[in-house]
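To keep things clear, I will list the structure first and then write my remarks on it.
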Amino acid sequence: MSMKWFIIKWGCLLATLFSTVHASASEPVKTRGEEKEQQYIGFWNGLIPKYVKVQYAGSMGLVSVGPGWEYGKRKNWETDLFLGFLPAYQDARAKMTFTLKQNYIPWNFRIKESRWSVEPLACGMYVNSMLDKRFWGTEPEKYPNNYYKFSTKIRFHIYAGQRISFDFDKRQALRKSITAFYEISSCDLYIISAATNKYLSPKDYLSLSFGIKVQLL
């Protein structure tokens, strides 16, 4: 190899190394403290509710309201917390309920170029608890063994439904979208009763509910 090509070869190599070092030096270097601070901020940002829901019926109170969080690559998973109110119908006093709900929404379709979109299937499960001392989770000792095979305090539910959404102007920071939905649900006690009693009709073990979801973030 001649001296001329030797100089050209090493000149190109040095130029490449210099440009790489210069590019790396121009990027801000994050300290371990800054990385921990960003992780801390990200953790607390994740706890901020992304929406609020109001639901009518659904075996979780006459009216229930609460915050929720969405996650997943397509935001198709949701977790809701509800506080429900059940007026005093035949009972002497009103009652409150607490519900933890998990939702899965597999599809979301935009209606042409409009602000409307539909979710043809929303499904999931939820657990509901009566916030009243008169209801119990474990059978009291005053009853014979296995007299009541179900808790009177806690119910497990499954549901399926549909949704339709309208997207607001992006300049409205506190109202990104609003969604109307309906759900058909049933609980563990009703499902077993339907399976063991052929005289029951769907209206005896299915519940219809309606709700509104207001997207905040």
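All residue names refer to the structure tokens as shown: chains lettered A, B, ... in order, residues numbered from 1 in each chain, ligands numbered from 1 in order.
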
So that I can see what lies close to Lys53 in chain A, please list as a compact mmCIF listing (two decimals) with N, CA and C atoms, in the first residue's frame the residues with an atom at most 7 Å from it, counting only C-alpha atoms and leaving out residues fewer than 2 positions away in the same chain.
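Once everything was written out, this is out-v5.txt:
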```
# COMPACT_ATOMS: atom_id res chain seq x y z
N TYR A 51 -60.12 9.26 32.88
CA TYR A 51 -61.51 9.55 32.54
C TYR A 51 -62.38 9.37 33.78
N GLN A 55 -72.55 5.57 35.70
CA GLN A 55 -73.30 4.40 35.23
C GLN A 55 -74.62 4.27 35.98
N VAL A 65 -70.58 6.31 40.19
CA VAL A 65 -69.65 7.25 39.56
C VAL A 65 -68.25 6.96 40.06
N GLY A 66 -67.27 7.17 39.19
CA GLY A 66 -65.89 6.94 39.61
C GLY A 66 -64.88 7.16 38.51
N PRO A 67 -63.60 7.20 38.87
CA PRO A 67 -62.51 7.43 37.91
C PRO A 67 -62.07 6.13 37.26
N GLY A 211 -74.46 4.11 30.58
CA GLY A 211 -73.47 4.99 31.20
C GLY A 211 -72.86 5.99 30.24
N ILE A 212 -72.12 6.93 30.84
CA ILE A 212 -71.39 7.97 30.11
C ILE A 212 -69.95 7.97 30.60
N LYS A 213 -69.02 8.04 29.66
CA LYS A 213 -67.60 8.15 29.97
C LYS A 213 -67.07 9.47 29.41
N VAL A 214 -66.47 10.28 30.27
CA VAL A 214 -65.90 11.57 29.86
C VAL A 214 -64.38 11.46 29.92
```

If you measure from CA of Leu131 in chain A to CA of Ile158 in chain A, what distance in Å do you get, rounded to one decimal?
->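 Computing it gives 20.7 Å between the two atoms.
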
What are the DSSP alpha helix (DSSP H) residues of range 26-166 of chain A, as a ChimeraX atom specification?
-> /A:26,32-46

With range 150-155 of chain A as the partner and 12 Å as the cut-off, tabulate the residues of range 55-140 of chain A that qualify, each row holding the nearest pair of atoms and their distance in Å to one decimal, using only C-alpha atoms, sorted by chain and rising number, as a tab-separated table.
```
residue	atom	partner	partner_atom	distance
A:Gly58	CA	A:Arg155	CA	11.7
A:Ser59	CA	A:Arg155	CA	9.0
A:Met60	CA	A:Arg155	CA	9.3
A:Lys95	CA	A:Lys153	CA	11.8
A:Met96	CA	A:Lys153	CA	11.5
A:Thr97	CA	A:Lys153	CA	9.6
A:Phe98	CA	A:Ile154	CA	9.7
A:Thr99	CA	A:Arg155	CA	9.6
A:Leu100	CA	A:Arg155	CA	11.0
A:Lys101	CA	A:Arg155	CA	12.0
A:Met125	CA	A:Arg155	CA	10.8
A:Tyr126	CA	A:Arg155	CA	8.5
A:Val127	CA	A:Arg155	CA	5.8
A:Asn128	CA	A:Arg155	CA	5.3
A:Ser129	CA	A:Ile154	CA	4.5
A:Met130	CA	A:Lys153	CA	5.2
A:Leu131	CA	A:Lys153	CA	7.9
A:Asp132	CA	A:Lys153	CA	8.1
A:Lys133	CA	A:Lys153	CA	8.9
A:Arg134	CA	A:Lys153	CA	8.5
A:Phe135	CA	A:Lys153	CA	4.8
A:Trp136	CA	A:Lys153	CA	4.9
A:Gly137	CA	A:Ser151	CA	4.9
A:Thr138	CA	A:Ser151	CA	6.3
A:Glu139	CA	A:Ser151	CA	7.0
A:Pro140	CA	A:Ser151	CA	10.2
```

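Of the listed residues (A:Ala88, A:Ala160, A:Ala94, A:Leu81), A:Ala160 comes nearest to Pro120 in chain A; the distances count only C-alpha atoms.
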
Using only C-alpha atoms, determine which residues lie at most 6 Å from range 181-189 of chain A, disregarding the query and same-chain residues fewer than 5 positions distant; provide the list as a list in words.
->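 So, after excluding close chain neighbours, the residues are Phe156, His157, Ile158, Tyr159, Ala160, Gly161, Gln162, Arg163, Leu206, Ser207, Leu208, Ser209, Phe210 and Gly211 of chain A.
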
With all heavy atoms retained, export the selected residues as a compact mmCIF listing (two decimals), in the first residue's frame.
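So the final result, stored in part-v2.txt, reads:
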```txt
# COMPACT_ATOMS: atom_id res chain seq x y z
N PHE A 156 -69.74 -11.29 42.09
CA PHE A 156 -68.85 -11.27 40.93
C PHE A 156 -69.70 -11.25 39.65
O PHE A 156 -70.64 -12.04 39.52
CB PHE A 156 -67.94 -12.49 40.93
CG PHE A 156 -66.98 -12.52 42.10
CD1 PHE A 156 -67.32 -13.14 43.30
CD2 PHE A 156 -65.73 -11.91 41.99
CE1 PHE A 156 -66.45 -13.15 44.37
CE2 PHE A 156 -64.85 -11.92 43.06
CZ PHE A 156 -65.21 -12.55 44.26
N HIS A 157 -69.35 -10.34 38.74
CA HIS A 157 -70.16 -10.12 37.54
C HIS A 157 -69.33 -10.28 36.27
O HIS A 157 -68.11 -10.05 36.28
CB HIS A 157 -70.74 -8.70 37.54
CG HIS A 157 -71.54 -8.36 38.76
ND1 HIS A 157 -72.91 -8.29 38.75
CD2 HIS A 157 -71.15 -8.07 40.02
CE1 HIS A 157 -73.34 -7.96 39.97
NE2 HIS A 157 -72.29 -7.81 40.75
N ILE A 158 -69.99 -10.61 35.18
CA ILE A 158 -69.44 -10.53 33.84
C ILE A 158 -70.40 -9.71 32.99
O ILE A 158 -71.60 -9.64 33.29
CB ILE A 158 -69.20 -11.92 33.20
CG1 ILE A 158 -70.51 -12.71 33.15
CG2 ILE A 158 -68.13 -12.69 33.97
CD1 ILE A 158 -70.39 -14.03 32.39
N TYR A 159 -69.87 -9.09 31.94
CA TYR A 159 -70.74 -8.25 31.11
C TYR A 159 -70.23 -8.19 29.68
O TYR A 159 -69.05 -8.49 29.39
CB TYR A 159 -70.84 -6.83 31.68
CG TYR A 159 -69.70 -5.94 31.26
CD1 TYR A 159 -69.78 -5.17 30.10
CD2 TYR A 159 -68.52 -5.87 32.00
CE1 TYR A 159 -68.74 -4.38 29.69
CE2 TYR A 159 -67.47 -5.07 31.60
CZ TYR A 159 -67.58 -4.31 30.44
OH TYR A 159 -66.54 -3.53 30.03
N ALA A 160 -71.10 -7.73 28.79
CA ALA A 160 -70.74 -7.42 27.40
C ALA A 160 -71.63 -6.26 26.95
O ALA A 160 -72.78 -6.14 27.39
CB ALA A 160 -70.94 -8.62 26.48
N GLY A 161 -71.09 -5.38 26.11
CA GLY A 161 -71.85 -4.23 25.66
C GLY A 161 -71.23 -3.57 24.46
O GLY A 161 -70.32 -4.13 23.81
N GLN A 162 -71.69 -2.36 24.15
CA GLN A 162 -71.20 -1.59 23.01
C GLN A 162 -71.08 -0.12 23.40
O GLN A 162 -71.72 0.34 24.36
CB GLN A 162 -72.15 -1.74 21.81
CG GLN A 162 -72.19 -3.15 21.24
CD GLN A 162 -73.17 -3.27 20.08
OE1 GLN A 162 -74.28 -2.75 20.13
NE2 GLN A 162 -72.75 -3.96 19.03
N ARG A 163 -70.28 0.62 22.59
CA ARG A 163 -70.04 2.03 22.88
C ARG A 163 -70.04 2.86 21.60
O ARG A 163 -69.72 2.36 20.53
CB ARG A 163 -68.69 2.22 23.58
CG ARG A 163 -68.50 1.45 24.86
CD ARG A 163 -67.12 1.71 25.43
NE ARG A 163 -66.89 0.98 26.68
CZ ARG A 163 -65.80 1.12 27.43
NH1 ARG A 163 -64.84 1.95 27.02
NH2 ARG A 163 -65.66 0.44 28.54
N LEU A 206 -80.45 -11.39 33.90
CA LEU A 206 -79.64 -10.43 33.16
C LEU A 206 -80.00 -9.01 33.59
O LEU A 206 -81.17 -8.71 33.85
CB LEU A 206 -79.84 -10.58 31.65
CG LEU A 206 -79.38 -11.89 31.02
CD1 LEU A 206 -79.68 -11.88 29.52
CD2 LEU A 206 -77.89 -12.13 31.27
N SER A 207 -79.01 -8.14 33.64
CA SER A 207 -79.21 -6.74 34.02
C SER A 207 -78.76 -5.84 32.88
O SER A 207 -77.71 -6.07 32.27
CB SER A 207 -78.44 -6.40 35.29
OG SER A 207 -78.88 -7.18 36.38
N LEU A 208 -79.54 -4.80 32.61
CA LEU A 208 -79.22 -3.82 31.58
C LEU A 208 -78.82 -2.51 32.25
O LEU A 208 -79.52 -2.04 33.15
CB LEU A 208 -80.42 -3.59 30.66
CG LEU A 208 -80.27 -2.53 29.56
CD1 LEU A 208 -79.18 -2.92 28.57
CD2 LEU A 208 -81.60 -2.31 28.85
N SER A 209 -77.70 -1.95 31.81
CA SER A 209 -77.23 -0.70 32.38
C SER A 209 -76.77 0.25 31.28
O SER A 209 -76.47 -0.18 30.15
CB SER A 209 -76.08 -0.95 33.35
OG SER A 209 -74.99 -1.59 32.70
N PHE A 210 -76.74 1.54 31.61
CA PHE A 210 -76.32 2.57 30.68
C PHE A 210 -75.31 3.48 31.37
O PHE A 210 -75.33 3.61 32.60
CB PHE A 210 -77.52 3.42 30.21
CG PHE A 210 -78.60 2.61 29.55
CD1 PHE A 210 -79.65 2.11 30.30
CD2 PHE A 210 -78.56 2.36 28.19
CE1 PHE A 210 -80.65 1.37 29.69
CE2 PHE A 210 -79.55 1.61 27.58
CZ PHE A 210 -80.60 1.12 28.33
N GLY A 211 -74.46 4.11 30.58
CA GLY A 211 -73.47 4.99 31.20
C GLY A 211 -72.86 5.99 30.24
O GLY A 211 -73.06 5.94 29.02
```

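Once Arg74 in chain A and its same-chain neighbours fewer than 4 positions away are set aside, Glu70, Glu78, Tyr104, Ile105, Pro106, Trp107 and Asn108 of chain A remain within 12 Å of it when counting only C-alpha atoms.
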
I need the residues from that last selection saved to file as a short mmCIF file (atom, residue, chain, number, x, y, z; two decimals), in the first residue's frame (with all heavy atoms), if you can.
```
data_model
loop_
_atom_site.label_atom_id
_atom_site.label_comp_id
_atom_site.auth_asym_id
_atom_site.auth_seq_id
_atom_site.Cartn_x
_atom_site.Cartn_y
_atom_site.Cartn_z
N GLU A 70 -56.77 3.85 31.57
CA GLU A 70 -56.66 3.04 30.36
C GLU A 70 -55.19 2.80 30.04
O GLU A 70 -54.33 3.63 30.34
CB GLU A 70 -57.34 3.73 29.18
CG GLU A 70 -56.83 5.12 28.87
CD GLU A 70 -57.64 5.83 27.82
OE1 GLU A 70 -58.71 5.30 27.45
OE2 GLU A 70 -57.21 6.91 27.37
N GLU A 78 -59.02 -1.18 30.38
CA GLU A 78 -59.46 -0.16 31.32
C GLU A 78 -59.67 -0.77 32.71
O GLU A 78 -60.07 -1.93 32.83
CB GLU A 78 -60.78 0.48 30.89
CG GLU A 78 -60.73 1.25 29.59
CD GLU A 78 -62.09 1.78 29.20
OE1 GLU A 78 -63.10 1.40 29.87
OE2 GLU A 78 -62.18 2.56 28.24
N TYR A 104 -62.25 -4.72 28.66
CA TYR A 104 -61.43 -4.98 27.47
C TYR A 104 -62.23 -4.57 26.24
O TYR A 104 -63.39 -4.99 26.07
CB TYR A 104 -61.05 -6.46 27.37
CG TYR A 104 -60.28 -6.79 26.11
CD1 TYR A 104 -59.04 -6.21 25.86
CD2 TYR A 104 -60.80 -7.68 25.18
CE1 TYR A 104 -58.33 -6.50 24.72
CE2 TYR A 104 -60.08 -7.98 24.03
CZ TYR A 104 -58.85 -7.39 23.80
OH TYR A 104 -58.15 -7.67 22.65
N ILE A 105 -61.63 -3.72 25.39
CA ILE A 105 -62.29 -3.22 24.19
C ILE A 105 -61.41 -3.59 22.99
O ILE A 105 -60.41 -2.91 22.70
CB ILE A 105 -62.49 -1.69 24.24
CG1 ILE A 105 -63.21 -1.30 25.54
CG2 ILE A 105 -63.27 -1.21 23.04
CD1 ILE A 105 -62.32 -0.90 26.66
N PRO A 106 -61.72 -4.67 22.28
CA PRO A 106 -60.82 -5.16 21.22
C PRO A 106 -60.77 -4.29 19.97
O PRO A 106 -59.74 -4.26 19.28
CB PRO A 106 -61.38 -6.55 20.90
CG PRO A 106 -62.81 -6.51 21.34
CD PRO A 106 -62.86 -5.58 22.50
N TRP A 107 -61.86 -3.57 19.63
CA TRP A 107 -61.90 -2.82 18.37
C TRP A 107 -62.44 -1.42 18.58
O TRP A 107 -63.30 -1.18 19.43
CB TRP A 107 -62.79 -3.53 17.35
CG TRP A 107 -62.40 -4.95 17.11
CD1 TRP A 107 -61.27 -5.42 16.50
CD2 TRP A 107 -63.15 -6.11 17.50
NE1 TRP A 107 -61.26 -6.79 16.49
CE2 TRP A 107 -62.41 -7.24 17.09
CE3 TRP A 107 -64.38 -6.31 18.14
CZ2 TRP A 107 -62.86 -8.54 17.30
CZ3 TRP A 107 -64.83 -7.59 18.37
CH2 TRP A 107 -64.07 -8.69 17.96
N ASN A 108 -61.93 -0.50 17.76
CA ASN A 108 -62.43 0.86 17.71
C ASN A 108 -62.42 1.32 16.26
O ASN A 108 -61.36 1.32 15.61
CB ASN A 108 -61.56 1.79 18.58
CG ASN A 108 -62.10 3.20 18.64
OD1 ASN A 108 -62.20 3.88 17.63
ND2 ASN A 108 -62.43 3.66 19.82
#
```

Check the DSSP output for the backbone and give back, as a ChimeraX atom specification, the residues of range 78-209 of chain A in strand (DSSP E).
-> /A:78-86,95-104,109-110,116-130,154-167,177-187,207-209

Give me the residues within 9 Å of Gln215 in chain A as a ChimeraX atom specification, counting only C-alpha atoms and dropping any in the same chain fewer than 5 places off.
-> /A:50-53,174-179
